[in-house]
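Q: Please find entry.txt (compact mmCIF, C-alpha atoms) on the next line:
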# COMPACT_ATOMS: atom_id res chain seq x y z
CA MET A 1105 0.00 0.00 0.00
CA LYS A 1106 2.94 2.31 0.65
CA ILE A 1107 3.84 2.20 -3.01
CA PHE A 1108 0.30 3.39 -3.89
CA ILE A 1109 0.57 6.28 -1.44
CA THR A 1110 3.90 7.22 -3.02
CA ILE A 1111 2.39 7.04 -6.51
CA GLN A 1112 -0.57 9.16 -5.44
CA THR A 1113 1.65 11.80 -3.83
CA PHE A 1114 3.87 11.90 -6.90
CA SER A 1115 0.95 12.20 -9.33
CA THR A 1116 -0.66 14.91 -7.16
CA VAL A 1117 2.52 17.00 -7.15
CA VAL A 1118 3.03 16.59 -10.90
CA PHE A 1119 -0.64 17.38 -11.57
CA THR A 1120 -0.52 20.54 -9.43
CA VAL A 1121 2.58 21.84 -11.21
CA TRP A 1122 1.14 21.00 -14.64
CA LEU A 1123 -2.19 22.67 -13.84
CA LEU A 1124 -0.39 25.77 -12.61
CA TYR A 1125 1.47 25.87 -15.93
CA VAL A 1126 -1.80 25.48 -17.87
CA TRP A 1127 -3.54 28.34 -16.04
CA ILE A 1128 -0.53 30.65 -16.25
CA LYS A 1129 -0.12 30.10 -19.99
CA ASP A 1130 -3.90 29.84 -20.61
CA SER A 1131 -4.57 31.86 -23.78
CA ASN A 1132 -1.17 30.90 -25.24
CA PHE A 1133 -1.36 27.28 -24.14
CA GLY A 1134 -1.29 24.26 -26.40
CA SER A 1135 -1.22 23.34 -30.02
CA GLN A 1136 -4.06 25.69 -31.07
CA PRO A 1137 -3.62 28.97 -29.13
CA GLN A 1138 -5.77 30.85 -31.65
CA CYS A 1139 -8.76 28.71 -30.61
CA ASN A 1140 -8.40 29.01 -26.82
CA HIS A 1141 -10.92 31.86 -26.57
CA LEU A 1142 -13.59 29.47 -27.88
CA VAL A 1143 -13.26 27.15 -24.87
CA LYS A 1144 -15.99 28.02 -22.39
CA TYR A 1145 -17.48 26.82 -19.16
CA VAL A 1146 -21.22 26.37 -19.47
CA LEU A 1147 -22.66 27.30 -16.09
CA LEU A 1148 -26.42 26.87 -16.43
CA PHE A 1149 -27.10 29.06 -19.47
CA ALA A 1150 -24.22 31.44 -18.69
CA ASP A 1151 -21.00 31.08 -20.66
CA VAL A 1152 -17.66 31.87 -19.07
CA LYS A 1153 -14.57 31.95 -21.27
CA VAL A 1154 -11.70 30.05 -19.69
CA THR A 1155 -9.34 32.80 -20.84
CA MET A 1156 -11.10 35.36 -18.62
CA THR A 1157 -8.61 36.91 -16.21
CA TRP A 1158 -10.73 36.58 -13.07
CA LEU A 1159 -11.26 32.85 -13.69
CA ARG A 1160 -7.54 32.32 -14.21
CA VAL A 1161 -6.71 34.25 -11.04
CA LEU A 1162 -9.26 32.21 -9.07
CA PHE A 1163 -7.80 28.92 -10.29
CA ILE A 1164 -4.22 30.05 -9.61
CA ILE A 1165 -5.15 31.15 -6.07
CA TYR A 1166 -6.86 27.81 -5.51
CA LEU A 1167 -3.77 25.93 -6.76
CA VAL A 1168 -1.40 27.96 -4.57
CA ILE A 1169 -3.55 27.29 -1.48
CA ASN A 1170 -3.70 23.63 -2.47
CA ALA A 1171 0.09 23.49 -2.80
CA CYS A 1172 0.54 25.10 0.63
CA THR A 1173 -1.86 22.53 2.14
CA LEU A 1174 0.13 19.80 0.41
CA LEU A 1175 3.34 21.05 2.00
CA PHE A 1176 1.68 21.20 5.41
CA ARG A 1177 0.39 17.64 5.08
CA PHE A 1178 3.76 16.47 3.93
CA GLY A 1179 5.22 17.96 7.09
CA VAL A 1180 2.66 16.07 9.18
CA ILE A 1181 3.50 12.81 7.40
CA LEU A 1182 7.20 13.34 8.05
CA SER A 1183 6.56 14.07 11.72
CA VAL A 1184 4.49 10.86 12.06
CA TYR A 1185 7.27 8.82 10.48
CA MET A 1186 9.86 10.45 12.69
CA GLU A 1187 7.71 9.59 15.70
CA ASN A 1188 7.56 5.95 14.58
CA LEU A 1189 11.31 5.89 14.05
CA ARG A 1190 11.91 7.33 17.52
CA ASN A 1191 9.59 4.73 19.11
CA ASP A 1192 11.41 1.92 17.30
CA LEU A 1193 14.77 3.21 18.51
CA HIS A 1194 13.43 3.44 22.09
CA ASP A 1195 12.20 -0.16 21.85
CA LYS A 1196 15.52 -1.40 20.58
CA VAL A 1197 17.49 0.47 23.23
CA ARG A 1198 15.15 -0.80 25.97
CA ASN A 1199 15.53 -4.39 24.73
CA VAL A 1200 19.30 -4.09 24.75
CA VAL A 1201 19.30 -2.63 28.30
CA THR A 1202 16.70 -4.94 29.89
CA GLY A 1203 17.64 -8.10 27.96
CA PRO A 1204 15.60 -10.49 25.81
CA GLY A 1205 13.60 -11.83 28.80
CA ALA A 1206 11.73 -8.56 29.30
CA GLU A 1207 11.05 -8.25 25.58
CA ARG A 1208 8.45 -11.01 25.64
CA VAL A 1209 6.47 -9.28 28.39
CA GLU A 1210 6.53 -5.79 26.94
CA GLN A 1211 5.96 -6.56 23.29
CA PRO A 1212 2.16 -7.25 23.36
CA GLU A 1213 1.51 -3.96 25.15
CA GLN A 1214 3.56 -2.04 22.63
CA GLU A 1215 1.74 -3.81 19.80
CA ASN A 1216 -1.62 -2.76 21.22
CA VAL A 1217 -0.51 0.84 21.61
CA ARG A 1218 0.62 0.93 17.99
CA GLN A 1219 -2.62 -0.51 16.73
CA GLU A 1220 -4.65 2.05 18.62
CA ALA A 1221 -2.59 4.94 17.31
CA ASN A 1222 -2.52 3.40 13.82
CA PRO A 1223 -0.12 6.01 12.41
CA GLU A 1224 -0.16 4.46 8.95
CA ARG A 1225 -3.88 5.03 8.69
CA ARG A 1226 -3.36 8.62 9.76
CA VAL A 1227 -0.64 9.07 7.17
CA ARG A 1228 -2.86 7.70 4.44
CA THR A 1229 -5.72 9.99 5.42
CA TYR A 1230 -3.41 13.01 5.44
CA VAL A 1231 -2.05 12.11 2.01
CA ASN A 1232 -5.49 11.70 0.54
CA LEU A 1233 -7.06 14.73 2.10
CA SER A 1234 -4.11 16.79 0.94
CA VAL A 1235 -5.28 16.25 -2.63
CA VAL A 1236 -8.43 18.25 -2.15
CA TYR A 1237 -10.53 19.26 0.83
CA VAL A 1238 -13.54 16.98 0.98
CA PRO A 1239 -16.05 16.64 3.80
CA ARG A 1240 -15.67 13.30 5.52
CA THR A 1241 -17.88 10.83 3.68
CA LYS A 1242 -18.81 8.21 6.22
CA SER A 1243 -21.26 6.15 4.22
CA PRO A 1244 -21.80 5.25 0.57
CA ALA A 1245 -25.19 6.98 0.77
CA SER A 1246 -23.60 10.41 1.17
CA PHE A 1247 -21.21 9.67 -1.67
CA SER A 1248 -24.16 8.55 -3.83
CA ASN A 1249 -25.97 11.80 -3.03
CA PHE A 1250 -22.92 13.78 -4.06
CA LEU A 1251 -22.72 11.76 -7.28
CA LEU A 1252 -26.41 12.30 -8.02
CA ILE A 1253 -26.13 16.08 -7.56
CA ARG A 1254 -23.06 16.20 -9.76
CA SER A 1255 -24.74 14.01 -12.39
CA ALA A 1256 -27.78 16.32 -12.36
CA VAL A 1257 -25.57 19.37 -13.00
CA TYR A 1258 -23.73 17.61 -15.81
CA GLY A 1259 -27.04 16.36 -17.21
CA VAL A 1260 -28.51 19.89 -17.42
CA ALA A 1261 -25.31 21.22 -19.02
CA THR A 1262 -25.29 18.36 -21.56
CA LEU A 1263 -28.96 18.92 -22.40
CA GLU A 1264 -28.28 22.61 -22.96
CA LEU A 1265 -25.34 21.80 -25.24
CA ILE A 1266 -27.46 19.36 -27.27
CA VAL A 1267 -30.20 21.98 -27.73
CA ARG A 1268 -27.65 24.61 -28.74
CA THR A 1269 -25.99 22.24 -31.22
CA ILE A 1270 -29.35 21.55 -32.84
CA LEU A 1271 -29.97 25.32 -33.11
CA VAL A 1272 -26.55 25.97 -34.62
CA VAL A 1273 -27.06 23.23 -37.21
CA LYS A 1274 -30.54 24.59 -37.99
CA GLU A 1275 -29.19 28.13 -38.42
CA SER A 1276 -26.33 26.94 -40.62
CA MET A 1277 -28.96 25.30 -42.84
CA LEU A 1278 -30.82 28.62 -43.16
CA THR A 1279 -27.69 30.72 -43.82
CA GLU A 1280 -25.04 29.31 -46.08
CA THR A 1281 -22.30 31.70 -44.91
CA PRO A 1282 -22.06 33.53 -41.55
CA GLY A 1283 -21.81 37.01 -43.13
CA GLN A 1284 -24.74 36.54 -45.47
CA ALA A 1285 -27.76 38.86 -45.31
CA GLN A 1286 -30.63 37.27 -43.42
CA SER A 1287 -33.57 35.97 -45.37
CA SER A 1288 -37.14 36.52 -44.19
CA GLU A 1289 -37.38 32.87 -43.21
CA HIS A 1290 -34.19 33.24 -41.17
CA SER A 1291 -35.43 36.41 -39.43
CA ALA A 1292 -38.72 34.71 -38.52
CA TRP A 1293 -36.83 31.75 -37.14
CA ARG A 1294 -34.57 34.04 -35.08
CA ARG A 1295 -37.62 35.80 -33.60
CA ARG A 1296 -39.20 32.46 -32.73
CA VAL A 1297 -36.09 31.07 -31.04
CA GLY A 1298 -35.48 34.33 -29.12
CA PHE A 1299 -33.14 33.81 -26.17
CA TRP A 1300 -31.35 30.82 -27.66
CA ALA A 1301 -30.42 32.63 -30.86
CA ASN A 1302 -28.41 35.19 -28.87
CA HIS A 1303 -26.05 32.38 -27.88
CA ARG A 1304 -25.53 31.08 -31.39
CA HIS A 1305 -21.85 32.01 -31.47
CA SER A 1306 -21.08 30.08 -28.31
CA LEU A 1307 -20.94 26.89 -30.32
CA ASP A 1308 -19.33 28.34 -33.39
CA PHE A 1309 -16.86 25.61 -34.30
CA ARG A 1310 -16.19 26.70 -37.86
CA GLU A 1311 -12.87 28.37 -37.02
CA CYS A 1312 -11.30 25.53 -35.07
CA HIS A 1313 -11.45 21.75 -35.03
CA MET B 1013 -17.16 3.70 -14.13
CA THR B 1014 -14.80 3.64 -11.14
CA ILE B 1015 -16.68 6.51 -9.49
CA LEU B 1016 -20.02 4.84 -10.20
CA LEU B 1017 -18.87 1.53 -8.71
CA THR B 1018 -17.46 3.31 -5.66
CA ALA B 1019 -20.71 5.18 -5.17
CA PHE B 1020 -22.99 2.18 -5.35
CA THR B 1021 -20.86 -0.37 -3.51
CA PRO B 1022 -21.95 -0.54 0.12
CA GLU B 1023 -19.26 -0.30 2.77
CA ASP B 1024 -19.15 -3.75 4.27
CA GLU B 1025 -16.70 -6.37 5.46
CA HIS B 1026 -17.23 -8.32 2.24
CA THR B 1027 -16.94 -5.35 -0.11
CA SER B 1028 -13.91 -3.67 1.44
CA GLU B 1029 -11.60 -5.67 -0.82
CA LEU B 1030 -13.49 -4.41 -3.88
CA LEU B 1031 -13.37 -0.82 -2.61
CA ASP B 1032 -9.66 -1.20 -1.95
CA GLY B 1033 -9.15 -2.46 -5.51
CA LEU B 1034 -11.17 0.44 -6.93
CA TYR B 1035 -9.10 2.87 -4.91
CA LYS B 1036 -5.82 1.37 -6.14
CA SER B 1037 -6.96 1.24 -9.75
CA SER B 1038 -8.06 4.89 -9.59
CA ILE B 1039 -4.57 5.85 -8.34
CA LEU B 1040 -2.93 4.07 -11.27
CA TYR B 1041 -5.48 5.54 -13.67
CA GLY B 1042 -4.80 9.04 -12.35
CA LEU B 1043 -1.04 8.59 -12.64
CA SER B 1044 -1.27 7.34 -16.23
CA LEU B 1045 -3.55 10.25 -17.14
CA VAL B 1046 -1.20 12.81 -15.57
CA MET B 1047 1.87 11.33 -17.26
CA THR B 1048 0.05 11.29 -20.62
CA VAL B 1049 -0.96 14.96 -20.43
CA VAL B 1050 2.48 16.06 -19.23
CA ILE B 1051 4.16 14.27 -22.15
CA GLN B 1052 1.57 15.63 -24.58
CA THR B 1053 2.10 19.14 -23.21
CA LEU B 1054 5.87 18.84 -23.60
CA GLN B 1055 5.35 17.72 -27.20
CA GLU B 1056 2.92 20.66 -27.69
CA GLN B 1057 0.19 18.34 -28.94
CA LEU B 1058 -2.39 19.11 -26.25
CA ASP B 1059 -4.89 21.94 -26.63
CA LEU B 1060 -6.60 23.88 -23.84
CA TYR B 1061 -9.96 22.14 -24.27
CA HIS B 1062 -8.50 18.69 -23.60
CA ALA B 1063 -6.31 20.03 -20.77
CA ILE B 1064 -9.44 21.28 -18.98
CA PHE B 1065 -11.18 18.01 -19.78
CA VAL B 1066 -8.36 16.07 -18.07
CA MET B 1067 -8.44 18.51 -15.14
CA GLN B 1068 -12.13 17.74 -14.55
CA ILE B 1069 -11.50 13.96 -14.71
CA ILE B 1070 -8.70 14.17 -12.14
CA PHE B 1071 -10.80 16.41 -9.88
CA SER B 1072 -13.47 13.70 -10.00
CA LEU B 1073 -10.90 11.03 -9.15
CA ASP B 1074 -9.82 13.07 -6.12
CA PHE B 1075 -13.17 12.31 -4.53
CA VAL B 1076 -12.52 8.57 -4.97
CA TYR B 1077 -9.11 9.03 -3.31
CA ALA B 1078 -10.64 10.83 -0.35
CA TYR B 1079 -13.44 8.28 -0.10
CA GLY B 1080 -10.94 5.40 -0.25
CA ALA B 1081 -8.89 7.01 2.50
CA VAL B 1082 -11.71 7.14 5.02
CA CYS B 1083 -13.52 3.91 4.13
CA VAL B 1084 -10.88 1.22 3.66
CA PRO B 1085 -8.62 0.70 6.65
CA PHE B 1086 -4.95 0.72 5.89
CA ASP B 1087 -3.51 -2.81 5.40
CA TYR B 1088 -6.92 -4.20 6.38
CA HIS B 1089 -6.57 -7.39 4.35
CA ALA B 1090 -2.98 -8.00 5.36
CA ARG B 1091 -3.91 -7.63 9.03
CA LYS B 1092 -6.89 -9.92 8.59
CA ALA B 1093 -4.78 -12.54 6.82
CA ASN B 1094 -2.25 -12.42 9.65
CA GLY B 1095 -4.99 -12.60 12.25
CA VAL B 1096 -4.07 -9.21 13.69
CA GLY B 1097 -6.83 -7.01 15.04
CA THR B 1098 -9.60 -9.61 14.64
Would you encode the structure as C-alpha cells?
A:
Amino acid sequence: MKIFITIQTFSTVVFTVWLLYVWIKDSNFGSQPQCNHLVKYVLLFADVKVTMTWLRVLFIIYLVINACTLLFRFGVILSVYMENLRNDLHDKVRNVVTGPGAERVEQPEQENVRQEANPERRVRTYVNLSVVYVPRTKSPASFSNFLLIRSAVYGVATLELIVRTILVVKESMLTETPGQAQSSEHSAWRRRVGFWANHRHSLDFRECH
Amino acid sequence: MTILLTAFTPEDEHTSELLDGLYKSSILYGLSLVMTVVIQTLQEQLDLYHAIFVMQIIFSLDFVYAYGAVCVPFDYHARKANGVGT
C-alpha cells in the first residue's frame, strides 16, 4: 500500500505543477492557441470563457492554497514517520538494556498501543485529504448523493449543449455563410427562437477543429 | 465507471476488498492520465480544451481518493490474513 501512497503523492505534485502551468499560460497554451478563446465553461445558461482573467486568477489562487496545504500535510507525514522511528529506537534500546527476557512481556503492550494509534492510517488519510478538501464521507449513501447532484448538474449542461448544437445546425442550414444577409425565413426563425439565438456564437466551431 | 462503482458499492466487510481495488486502480489511472498529459504538453500536442477536460476527470478522481482514504482501513486485508486485530 505504501507504493500506492507514493504514486498518489507523486501524481498529485506533478498534476498541481502541470495545472499551474496550464492556467498561467492559458490563452497561449497548447497546439491551437488561436482557438483558446472558444473554450468556455457552461454554467447553467451562462458562458464563461476560460481565458477570462478573473477565472484564471481564481484557479491560480486555488492551486497555490492547495500546494501550501500539500506542503503542510507532507510535514505532518514526516513528523508521524519520525515519531515511529523514535519509538522503534526506544524499543531497541530498551531491549538491549533490559535483555531479551523482558522483551516477551513488553511486546504485546507495545503492539496494542501501535494498533490504537494506527499512524499508517493517519498518514494515508493526510495524504489523501491533501489532494483536495472533501467533507468526511462516512457512508456510501452520502457519496451517492454527491454523485447524483453532480450528475444532475452535468445532465442539465449536456442537455443545454445538445439543444444549442441543434440550433446551430438549424441556423447553418438557413444561412449558407455567416456574413450573409438574413432571409425573411431566417429572421422569422430568429424571432421564434429568441433567447437561444443570442447564444448562437457560443458553439461556433467553424474556425477551429 | 470507477466513481459509479465506488458510489454504489456498500461499505461492508465483504466489499472492502473491492473498494480497496477500486481505490488502487483509480490511483494508477490518475497517474497514467497525468503522465500522458504532461508528455503531450511537452510535445505541444495538447490543446486547452482537452487540458481542462483532463483537469475535470482528475478532480473527479480526487473524490474517490478521499473516499478510499476514510472507508478502507490501511492494510486491512494484510492484518486480517495475519490474524491481527480480529
Q: If you measure from CA of Tyr1077 in chain B to CA of Ile1039 in chain B, what distance in Å do you get, rounded to one decimal?
A: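 So the two atoms, CA of Tyr1077 in chain B and CA of Ile1039 in chain B, lie 7.5 Å apart.
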Q: Quick one: of B:Leu1045, B:His1026, B:Asp1059, B:Leu1054, who's nearest to chain A, counting all atoms listed in the file?
A: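 Ranked by minimum distance to chain A, first place goes to B:Asp1059.
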Q: Set the distance at 8 Å and use only C-alpha atoms: which residues neighbour range 1121-1131 of chain A once local chain neighbours fewer than 6 positions away are removed? I'd like the list as a ChimeraX atom specification.
A: /A:1137,1140-1141,1154-1155,1160,1163-1164,1167 /B:1050,1060,1063,1067
Q: From the options A:Val1257, A:Leu1251, A:Leu1271, A:Leu1189, which residue's atoms come nearest to chain B, counting all atoms listed in the file?
A: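 Counting all atoms listed in the file, the residue closest to chain B is A:Leu1251.
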Q: One decimal, Å: what's the distance from CA of Leu1031 in chain B over to CA of Leu1016 in chain B, could you say?
A: 11.6 Å
Q: So what do you get for CA of Thr1120 in chain A versus CA of Tyr1166 in chain A, distance-wise?
A: 10.4 Å
Q: Could you check the closest approach to chain B for each of A:Leu1159, A:Ile1109, A:Val1200, A:Met1186 and tell me which residue wins, using only C-alpha atoms?
A: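 Answer, going by the shortest atom-to-atom distance: A:Ile1109.
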Q: Compare A:Asn1188, A:Ser1115, A:Asn1132, A:Thr1110 by their minimum atom-to-atom distance to chain B, counting all atoms listed in the file, and give me the closest one.
A: A:Ser1115
Q: Find the residue from B:Gln1068, B:Ser1038, B:Ser1044, B:Gln1057 that sits nearest to chain A; use all atoms listed in the file when measuring.
A: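 Among the listed residues, the smallest separation from chain A belongs to B:Gln1057.
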